[in-house]
There are 2 protein chains.
Amino acid sequence: MEQPFALIGPTHVTAATSDEGAAVPVTIRDVARASGVHISTVSRTFSAPHLVNPETRVRVLACAEDLGYRPNRAARALITGRTHNIGLIIADIANPFFPPLIKAAESQARHRDYHVFVADTNEDPTAEEELVHALAKQVDGVLLCSPRMSNSLIEQLSREVPLVVVNRQVTGLPCVLMDVGQGARAAIEHLIGLGHTRIALLGGPRSSWTNREMRRAASTAARAGGAELTLLGPNAPTGTGGSAAAEQVRRSGVSAVLAYNDLMAIGLIEGLDALGVRVPQEVSVVGVDDIALSRLTRPKLTTVATPTAAAGRTAVDMLLQQDTESPRGARGSGAGAALGVRRTTAQVMLQTDLVIRDSTGPGPHARPARPLAAPRSPDPHCPAGPGIPTAATGDAVAS
Amino acid sequence: MEQPFALIGPTHVTAATSDEGAAVPVTIRDVARASGVHISTVSRTFSAPHLVNPETRVRVLACAEDLGYRPNRAARALITGRTHNIGLIIADIANPFFPPLIKAAESQARHRDYHVFVADTNEDPTAEEELVHALAKQVDGVLLCSPRMSNSLIEQLSREVPLVVVNRQVTGLPCVLMDVGQGARAAIEHLIGLGHTRIALLGGPRSSWTNREMRRAASTAARAGGAELTLLGPNAPTGTGGSAAAEQVRRSGVSAVLAYNDLMAIGLIEGLDALGVRVPQEVSVVGVDDIALSRLTRPKLTTVATPTAAAGRTAVDMLLQQDTESPRGARGSGAGAALGVRRTTAQVMLQTDLVIRDSTGPGPHARPARPLAAPRSPDPHCPAGPGIPTAATGDAVAS
DNA sequence: GGTGATCCTGCAAAGGTTTGCAGTGAAGTA
DNA sequence: TACTTCACTGCAAACCTTTGCAGGATCACC
């Protein structure tokens, strides 16, 4: 990767050397000495307070506080088998879809006293696998967010470390899904309602579960509404991917486009603009995700909002719940844990929500008076009013 | 935090229980048994290969590969004192300024075989402190990104765990700074060159180093160019913060605004638009950061590009270099390390770069013919042309 | 006073790895 | 042959915690 910025040699403003009081690692032993008890008592003060005399407890706690003692989680992990860490494997941190998810997951995890490793795979399935291996021993579980590797590999890896999968359905594993199928359907119906009869689906990465779901739902909805659906792609799920597809979209002769995600949608609008095609006057565009920027662009983007933060929270909850059920590799590692830990797996589908803004408008066959589908609902995310989200119907999908 | 999405009860599509081959933690001992050597030999095979007979080595490696052995980093950390983890403490992951930094830092760290904890503080200084403490024992060092806590507290914490600070200058500590002062100057000069004489600086968080630097540099540049600078703020560094300030900006009667960051700039443009004020025709707006979206909005944002990715990489490098110099808390923890580890600290200033796009235009006092300052340079980030960044001059600032 | 129960605390092993030290055998040197 | 050197390997302690077990003290009760 080349350096994108003029960087006239990092300027060393200062390069000093300084003494410093070297980190004094204070252990359970120091606390024990200070408070005149055995280390096991100190240990119990933290991990099983009810087993120690209240007086002793306060004394120990005081000493600990005093010395600034913090239990060494690595040492603890070594014996308990639980690290109190989780891993978050992300296809692309720079994709604005993920940060809210990461933020929510991290927050939820920390609430439960877990720390979070974050790793970026650059959309590379090989990196995903390698990362699961690398993290396995260091975490109690891993969140796989929009993985690009095969289902069978995921299943296999789940034998090494508990996994929760986001944005992908893997039978036998806990999954958090967003109902993009329903969202795509709502979007297509919205477009048909506006009078569009030739619609394109601007596809994303081939190995994406979301991509497949969208295609399926959009096809069905288009057929049901008597519209013609053109499939374009696969494309990179980025702004560049979207703008690169502009020419293709224009040539296809459609009057409306449902893009794989907001980034592509915004890029597409940009690209169309460069070609002199106006949105929404000549072409309507719908995105997916409702990233923060989609309400800052002009025109503001009509999009299928996905509950990213909720997904992050839910996934962490599922991971941690499953984690509390079956402690892994604990004391009697040789014997008891040998075979057949029974684990319950749930799959959760979260609702999506079509948010109608300014990037969609009447199509060439619009009937002047009453729009057919989804009445234009106010943007629920704008401070203007409380706003009632377009009620998403349909609550479950077939497995 | 309330649930922002209609979520008609997470639908459990599946809730099955399944047997599974419990994770079999394979240790150095298993490898030793399999390959008929002592565990210490296996250990050396991984941590000091040159000390073991090539034949033995291949045999051990084969067995390890076979059994799927991975060294347990926690156990290793316990004895070596190095975890091979680093911590990344971020003010707000959802702020699009940070993801590229995180991505770059993580990538750089992983290249060097380090894993990365990411934690979000929600712009809360207390959370920052608590996180440093919590992570201290689990990492070899921490990157503090745009910290909101006091310098003295940072210095104090740095005695607990090696710290590298991004976007803040702390004497005696390694820092990675972006020359926003220079950027602000360039922005102001650009605006003055366009004929603006009444300019506002839309400030960000009070405790932000960047904020102070910008104010200082902008003031100086405005004075030098004979323009009047109005200081507005502090504001939340978000889109909402920006749009909320629109009214204030209009009342202030300025014809140009330099915002604390792109998010605020975009929000401001949005807010001004709502008030019927057109950008750049009536008011010019400049942002800072050059987040990915600033070239997708309309008008495309003129902004001071900050080398976020480079900052992430550099910071990790500095942390890891310092880390290799002084192993902490190793074997003889009682004796040798007792006092006065000498550590060299460098502070690096990275260049920023004014990118002129469409949100700035001629001011009320524009001289028709030749613009005074910075000739309009093509956007270096658009695929259109190779583009030469506005050469940023000035290579160092006073400490 | 004896018995048992209850509460608290100490002992020591265990978890997976690294590493200083010592031991082995072979090769090199005198 | 005797001695040194060298390359390799094994032994065991150490890192910091947790936790089953057992011992000691206190108390209630018969």
# chains A, B, ... in the order shown; residues from 1 in each chain; ligands from 1
call {"tool": "residues_around", "arguments": {"residues": "Met264 in chain B", "least_positions_apart": "6", "cutoff": "7 Å", "atoms": "only C-alpha atoms (C1' of nucleotides)", "output": "JSON, numbers by chain"}}
result
{"B": [237, 238, 239, 241, 242]}
call {"tool": "interface_residues", "arguments": {"of": "chain D", "to": "chain A", "cutoff": "7 Å", "atoms": "only C-alpha atoms (C1' of nucleotides)", "output": "VMD selection string"}}
result
chain D and resid 16 to 18
call {"tool": "select_by_dssp", "arguments": {"residues": "range 126-285 of chain A", "states": "helix (DSSP H, G or I)", "output": "VMD selection string"}}
result
chain A and resid 126 to 136 151 to 157 180 to 193 209 to 225 239 to 244 246 to 252 262 to 274
call {"tool": "residues_around", "arguments": {"residues": "DA22 in chain C", "least_positions_apart": "4", "cutoff": "12 Å", "atoms": "only C-alpha atoms (C1' of nucleotides)", "output": "MDAnalysis selection string"}}
result
chainID D and resid 9:12
call {"tool": "write_last_selection", "arguments": {"atoms": "N, CA, C and O atoms (P, O5', C5', C4', C3', O3' and C1' of nucleotides)", "output": "short mmCIF file (atom, residue, chain, number, x, y, z; two decimals), in the first residue's frame"}}
result
data_model
loop_
_atom_site.label_atom_id
_atom_site.label_comp_id
_atom_site.auth_asym_id
_atom_site.auth_seq_id
_atom_site.Cartn_x
_atom_site.Cartn_y
_atom_site.Cartn_z
P DT D 9 17.93 -31.95 19.92
"O5'" DT D 9 17.80 -32.25 21.47
"C5'" DT D 9 18.21 -33.51 21.98
"C4'" DT D 9 18.13 -33.50 23.48
"C3'" DT D 9 16.74 -33.23 24.04
"O3'" DT D 9 16.33 -34.39 24.74
"C1'" DT D 9 18.41 -32.01 25.20
P DG D 10 14.82 -34.54 25.23
"O5'" DG D 10 15.04 -34.46 26.81
"C5'" DG D 10 15.94 -35.36 27.42
"C4'" DG D 10 16.21 -34.92 28.85
"C3'" DG D 10 14.96 -34.71 29.71
"O3'" DG D 10 15.18 -35.35 30.97
"C1'" DG D 10 16.33 -32.78 29.76
P DC D 11 13.99 -35.56 31.96
"O5'" DC D 11 14.35 -34.56 33.14
"C5'" DC D 11 15.70 -34.46 33.57
"C4'" DC D 11 15.83 -33.35 34.60
"C3'" DC D 11 14.60 -33.12 35.47
"O3'" DC D 11 15.02 -33.03 36.81
"C1'" DC D 11 15.26 -31.10 34.45
P DA D 12 13.96 -33.14 37.98
"O5'" DA D 12 13.71 -31.60 38.31
"C5'" DA D 12 14.83 -30.75 38.50
"C4'" DA D 12 14.38 -29.32 38.65
"C3'" DA D 12 13.08 -29.13 39.42
"O3'" DA D 12 13.20 -27.93 40.14
"C1'" DA D 12 12.85 -28.16 37.33
#
call {"tool": "atom_distance", "arguments": {"atom1": "CA of Ala187 in chain B", "atom2": "CA of Asn261 in chain B"}}
result
12.5 Å
call {"tool": "closest_atom_pairs", "arguments": {"of": "chain C", "to": "chain B", "cutoff": "7 Å", "atoms": "only C-alpha atoms (C1' of nucleotides)", "output": "tab-separated table"}}
result
residue	atom	partner	partner_atom	distance
C:DG16	C1'	B:Ala75	CA	5.1
C:DT17	C1'	B:Arg76	CA	5.0
C:DT18	C1'	B:Ile79	CA	6.3
call {"tool": "write_last_selection", "arguments": {"atoms": "all heavy atoms", "output": "compact mmCIF listing (two decimals), in the first residue's frame"}}
result
# COMPACT_ATOMS: atom_id res chain seq x y z
P DG C 16 -2.98 -27.31 30.29
OP1 DG C 16 -3.94 -27.55 29.22
OP2 DG C 16 -2.25 -28.43 30.90
O5' DG C 16 -1.90 -26.27 29.76
C5' DG C 16 -2.38 -25.11 29.11
C4' DG C 16 -1.21 -24.26 28.69
O4' DG C 16 -0.51 -23.80 29.87
C3' DG C 16 -0.17 -25.01 27.85
O3' DG C 16 0.22 -24.15 26.78
C2' DG C 16 0.97 -25.26 28.82
C1' DG C 16 0.86 -24.10 29.78
N9 DG C 16 1.32 -24.36 31.14
C8 DG C 16 1.16 -25.53 31.84
N7 DG C 16 1.66 -25.46 33.05
C5 DG C 16 2.17 -24.18 33.15
C6 DG C 16 2.83 -23.52 34.22
O6 DG C 16 3.11 -23.98 35.33
N1 DG C 16 3.17 -22.21 33.90
C2 DG C 16 2.91 -21.62 32.69
N2 DG C 16 3.30 -20.36 32.56
N3 DG C 16 2.29 -22.22 31.68
C4 DG C 16 1.95 -23.49 31.97
P DT C 17 1.30 -24.65 25.73
OP1 DT C 17 0.90 -24.10 24.42
OP2 DT C 17 1.54 -26.08 25.88
O5' DT C 17 2.59 -23.87 26.22
C5' DT C 17 2.62 -22.47 26.09
C4' DT C 17 3.67 -21.86 26.98
O4' DT C 17 3.63 -22.47 28.28
C3' DT C 17 5.10 -22.03 26.52
O3' DT C 17 5.45 -20.89 25.75
C2' DT C 17 5.90 -22.05 27.83
C1' DT C 17 4.84 -22.12 28.92
N1 DT C 17 5.08 -23.13 29.98
C2 DT C 17 5.73 -22.75 31.11
O2 DT C 17 6.16 -21.64 31.31
N3 DT C 17 5.90 -23.74 32.04
C4 DT C 17 5.45 -25.05 31.94
O4 DT C 17 5.66 -25.86 32.84
C5 DT C 17 4.78 -25.37 30.72
C7 DT C 17 4.26 -26.77 30.50
C6 DT C 17 4.61 -24.41 29.80
P DT C 18 6.90 -20.82 25.08
OP1 DT C 18 6.81 -19.73 24.11
OP2 DT C 18 7.32 -22.16 24.66
O5' DT C 18 7.84 -20.36 26.28
C5' DT C 18 7.71 -19.04 26.77
C4' DT C 18 8.71 -18.79 27.88
O4' DT C 18 8.60 -19.82 28.88
C3' DT C 18 10.18 -18.80 27.44
O3' DT C 18 10.78 -17.70 28.11
C2' DT C 18 10.71 -20.13 27.94
C1' DT C 18 9.88 -20.32 29.20
N1 DT C 18 9.66 -21.72 29.68
C2 DT C 18 9.91 -22.01 31.00
O2 DT C 18 10.34 -21.20 31.80
N3 DT C 18 9.65 -23.30 31.36
C4 DT C 18 9.17 -24.31 30.56
O4 DT C 18 8.97 -25.43 30.99
C5 DT C 18 8.92 -23.94 29.19
C7 DT C 18 8.39 -24.95 28.23
C6 DT C 18 9.17 -22.67 28.82
call {"tool": "atom_distance", "arguments": {"atom1": "CA of Phe97 in chain A", "atom2": "CA of Asp120 in chain A"}}
result
13.5 Å
call {"tool": "select_by_dssp", "arguments": {"residues": "range 123-231 of chain A", "states": "strand (DSSP E or B)", "output": "PyMOL selection string"}}
result
chain A and resi 142-145+163-166+175-178+198-202+228-231
call {"tool": "write_last_selection", "arguments": {"atoms": "C-alpha atoms", "output": "JSON list (two decimals), in the first residue's frame"}}
result
[["chain", "number", "residue", "atom", "x", "y", "z"],
["A", 142, "VAL", "CA", -15.75, -15.23, 18.45],
["A", 143, "LEU", "CA", -18.24, -13.10, 16.59],
["A", 144, "LEU", "CA", -18.00, -13.66, 12.87],
["A", 145, "CYS", "CA", -19.44, -10.61, 11.17],
["A", 163, "LEU", "CA", -18.86, -18.95, 17.36],
["A", 164, "VAL", "CA", -21.73, -16.61, 16.76],
["A", 165, "VAL", "CA", -22.33, -15.62, 13.19],
["A", 166, "VAL", "CA", -23.73, -12.29, 12.11],
["A", 175, "CYS", "CA", -26.78, -16.67, 14.14],
["A", 176, "VAL", "CA", -27.92, -13.10, 14.17],
["A", 177, "LEU", "CA", -29.58, -12.21, 10.93],
["A", 178, "MET", "CA", -31.11, -9.06, 9.60],
["A", 198, "ARG", "CA", -37.92, -1.81, -14.80],
["A", 199, "ILE", "CA", -35.74, -2.13, -11.76],
["A", 200, "ALA", "CA", -32.13, -3.19, -11.30],
["A", 201, "LEU", "CA", -30.60, -4.97, -8.35],
["A", 202, "LEU", "CA", -27.02, -3.87, -7.92],
["A", 228, "GLU", "CA", -38.86, -6.61, -14.57],
["A", 229, "LEU", "CA", -35.76, -7.10, -12.42],
["A", 230, "THR", "CA", -32.28, -6.81, -13.89],
["A", 231, "LEU", "CA", -29.44, -8.31, -11.90]]
call {"tool": "closest_residue", "arguments": {"among": "B:Pro299, B:Gly183, B:Pro49, B:Gly193", "to": "chain A", "atoms": "only C-alpha atoms"}}
result
B:Pro299
call {"tool": "closest_residue", "arguments": {"among": "A:Leu258, A:Arg250, A:Glu55, A:Ala292", "to": "Ala94 in chain B", "atoms": "only C-alpha atoms"}}
result
A:Ala292
call {"tool": "closest_residue", "arguments": {"among": "B:Arg59, B:Arg206, B:His111, B:Lys103", "to": "chain A", "atoms": "only C-alpha atoms"}}
result
B:Lys103
call {"tool": "residues_around", "arguments": {"residues": "range 19-26 of chain D", "least_positions_apart": "5", "cutoff": "9 Å", "atoms": "only C-alpha atoms (C1' of nucleotides)", "output": "PDB file with C-alpha atoms (C1' of nucleotides), in the first residue's frame"}}
result
ATOM      1  CA  SER A  40      -5.797 -17.929  48.645  1.00  0.00           C
TER       2      SER A  40
ATOM      3  C1'  DT C   6     -20.484 -23.821  60.737  1.00  0.00           C
ATOM      4  C1'  DC C   7     -17.316 -20.497  59.298  1.00  0.00           C
ATOM      5  C1'  DC C   8     -13.064 -19.172  57.951  1.00  0.00           C
ATOM      6  C1'  DT C   9      -8.408 -19.865  56.451  1.00  0.00           C
ATOM      7  C1'  DG C  10      -4.166 -22.183  54.893  1.00  0.00           C
ATOM      8  C1'  DC C  11      -1.914 -25.730  52.045  1.00  0.00           C
TER       9       DC C  11
END
call {"tool": "decode", "arguments": {"residues": "range 266-305 of chain A", "atoms": "N, CA and C atoms", "output": "short mmCIF file (atom, residue, chain, number, x, y, z; two decimals), in the first residue's frame"}}
result
data_model
loop_
_atom_site.label_atom_id
_atom_site.label_comp_id
_atom_site.auth_asym_id
_atom_site.auth_seq_id
_atom_site.Cartn_x
_atom_site.Cartn_y
_atom_site.Cartn_z
N ILE A 266 -24.75 5.41 -2.72
CA ILE A 266 -24.23 6.77 -2.77
C ILE A 266 -23.23 6.92 -3.91
N GLY A 267 -22.36 5.92 -4.04
CA GLY A 267 -21.41 5.93 -5.15
C GLY A 267 -22.13 5.95 -6.49
N LEU A 268 -23.18 5.20 -6.57
CA LEU A 268 -23.94 5.14 -7.82
C LEU A 268 -24.55 6.49 -8.15
N ILE A 269 -25.15 7.12 -7.15
CA ILE A 269 -25.75 8.44 -7.37
C ILE A 269 -24.68 9.40 -7.88
N GLU A 270 -23.54 9.32 -7.25
CA GLU A 270 -22.40 10.12 -7.66
C GLU A 270 -22.06 9.86 -9.12
N GLY A 271 -21.95 8.58 -9.42
CA GLY A 271 -21.58 8.19 -10.79
C GLY A 271 -22.63 8.62 -11.80
N LEU A 272 -23.88 8.45 -11.45
CA LEU A 272 -24.96 8.85 -12.36
C LEU A 272 -24.91 10.35 -12.57
N ASP A 273 -24.68 11.05 -11.50
CA ASP A 273 -24.58 12.51 -11.59
C ASP A 273 -23.51 12.91 -12.59
N ALA A 274 -22.40 12.21 -12.52
CA ALA A 274 -21.31 12.52 -13.44
C ALA A 274 -21.71 12.26 -14.89
N LEU A 275 -22.62 11.32 -15.06
CA LEU A 275 -23.09 11.01 -16.42
C LEU A 275 -24.26 11.91 -16.82
N GLY A 276 -24.63 12.79 -15.91
CA GLY A 276 -25.73 13.69 -16.21
C GLY A 276 -27.11 13.09 -15.97
N VAL A 277 -27.13 11.99 -15.25
CA VAL A 277 -28.42 11.37 -14.93
C VAL A 277 -28.83 11.83 -13.53
N ARG A 278 -30.02 12.42 -13.43
CA ARG A 278 -30.41 12.99 -12.15
C ARG A 278 -31.20 12.00 -11.29
N VAL A 279 -30.88 12.02 -9.99
CA VAL A 279 -31.58 11.18 -9.02
C VAL A 279 -32.35 12.12 -8.08
N PRO A 280 -33.64 11.92 -7.84
CA PRO A 280 -34.46 10.79 -8.28
C PRO A 280 -35.25 11.06 -9.57
N GLN A 281 -35.05 12.23 -10.20
CA GLN A 281 -35.90 12.58 -11.34
C GLN A 281 -35.86 11.53 -12.45
N GLU A 282 -34.65 11.08 -12.79
CA GLU A 282 -34.58 10.12 -13.89
C GLU A 282 -34.42 8.69 -13.40
N VAL A 283 -33.67 8.52 -12.33
CA VAL A 283 -33.50 7.18 -11.76
C VAL A 283 -33.66 7.26 -10.24
N SER A 284 -34.43 6.35 -9.70
CA SER A 284 -34.56 6.26 -8.25
C SER A 284 -33.53 5.28 -7.71
N VAL A 285 -33.02 5.57 -6.54
CA VAL A 285 -32.01 4.69 -5.95
C VAL A 285 -32.36 4.37 -4.50
N VAL A 286 -32.28 3.11 -4.16
CA VAL A 286 -32.51 2.69 -2.78
C VAL A 286 -31.26 1.97 -2.28
N GLY A 287 -30.86 2.26 -1.07
CA GLY A 287 -29.72 1.58 -0.49
C GLY A 287 -30.15 0.61 0.60
N VAL A 288 -29.15 0.06 1.27
CA VAL A 288 -29.42 -0.82 2.40
C VAL A 288 -28.39 -0.52 3.49
N ASP A 289 -28.84 -0.41 4.68
CA ASP A 289 -28.02 -0.25 5.90
C ASP A 289 -28.41 0.96 6.71
N ASP A 290 -28.74 2.06 6.01
CA ASP A 290 -28.98 3.33 6.70
C ASP A 290 -27.76 3.72 7.53
N ILE A 291 -26.62 3.78 6.88
CA ILE A 291 -25.44 4.28 7.58
C ILE A 291 -25.64 5.76 7.88
N ALA A 292 -24.88 6.24 8.82
CA ALA A 292 -25.08 7.60 9.32
C ALA A 292 -25.10 8.62 8.18
N LEU A 293 -24.30 8.38 7.17
CA LEU A 293 -24.18 9.39 6.12
C LEU A 293 -25.33 9.43 5.17
N SER A 294 -26.13 8.40 5.17
CA SER A 294 -27.18 8.36 4.18
C SER A 294 -28.20 9.47 4.42
N ARG A 295 -28.19 10.06 5.61
CA ARG A 295 -29.10 11.19 5.78
C ARG A 295 -28.36 12.51 5.67
N LEU A 296 -27.12 12.44 5.26
CA LEU A 296 -26.36 13.68 5.09
C LEU A 296 -26.05 13.94 3.61
N THR A 297 -26.28 12.96 2.79
CA THR A 297 -26.01 13.17 1.37
C THR A 297 -27.16 13.96 0.75
N ARG A 298 -26.93 14.40 -0.44
CA ARG A 298 -28.02 15.05 -1.14
C ARG A 298 -28.14 14.41 -2.50
N PRO A 299 -29.23 13.83 -2.92
CA PRO A 299 -30.45 13.75 -2.11
C PRO A 299 -30.25 12.76 -0.96
N LYS A 300 -30.99 12.99 0.10
CA LYS A 300 -30.93 12.03 1.21
C LYS A 300 -31.41 10.68 0.71
N LEU A 301 -30.77 9.68 1.20
CA LEU A 301 -30.96 8.36 0.62
C LEU A 301 -32.17 7.61 1.19
N THR A 302 -32.98 7.11 0.31
CA THR A 302 -33.99 6.13 0.72
C THR A 302 -33.28 4.80 0.90
N THR A 303 -33.54 4.15 2.02
CA THR A 303 -32.71 2.98 2.32
C THR A 303 -33.42 2.01 3.26
N VAL A 304 -32.96 0.80 3.25
CA VAL A 304 -33.47 -0.21 4.17
C VAL A 304 -32.60 -0.20 5.42
N ALA A 305 -33.16 0.29 6.50
CA ALA A 305 -32.38 0.40 7.73
C ALA A 305 -32.20 -0.98 8.36
#
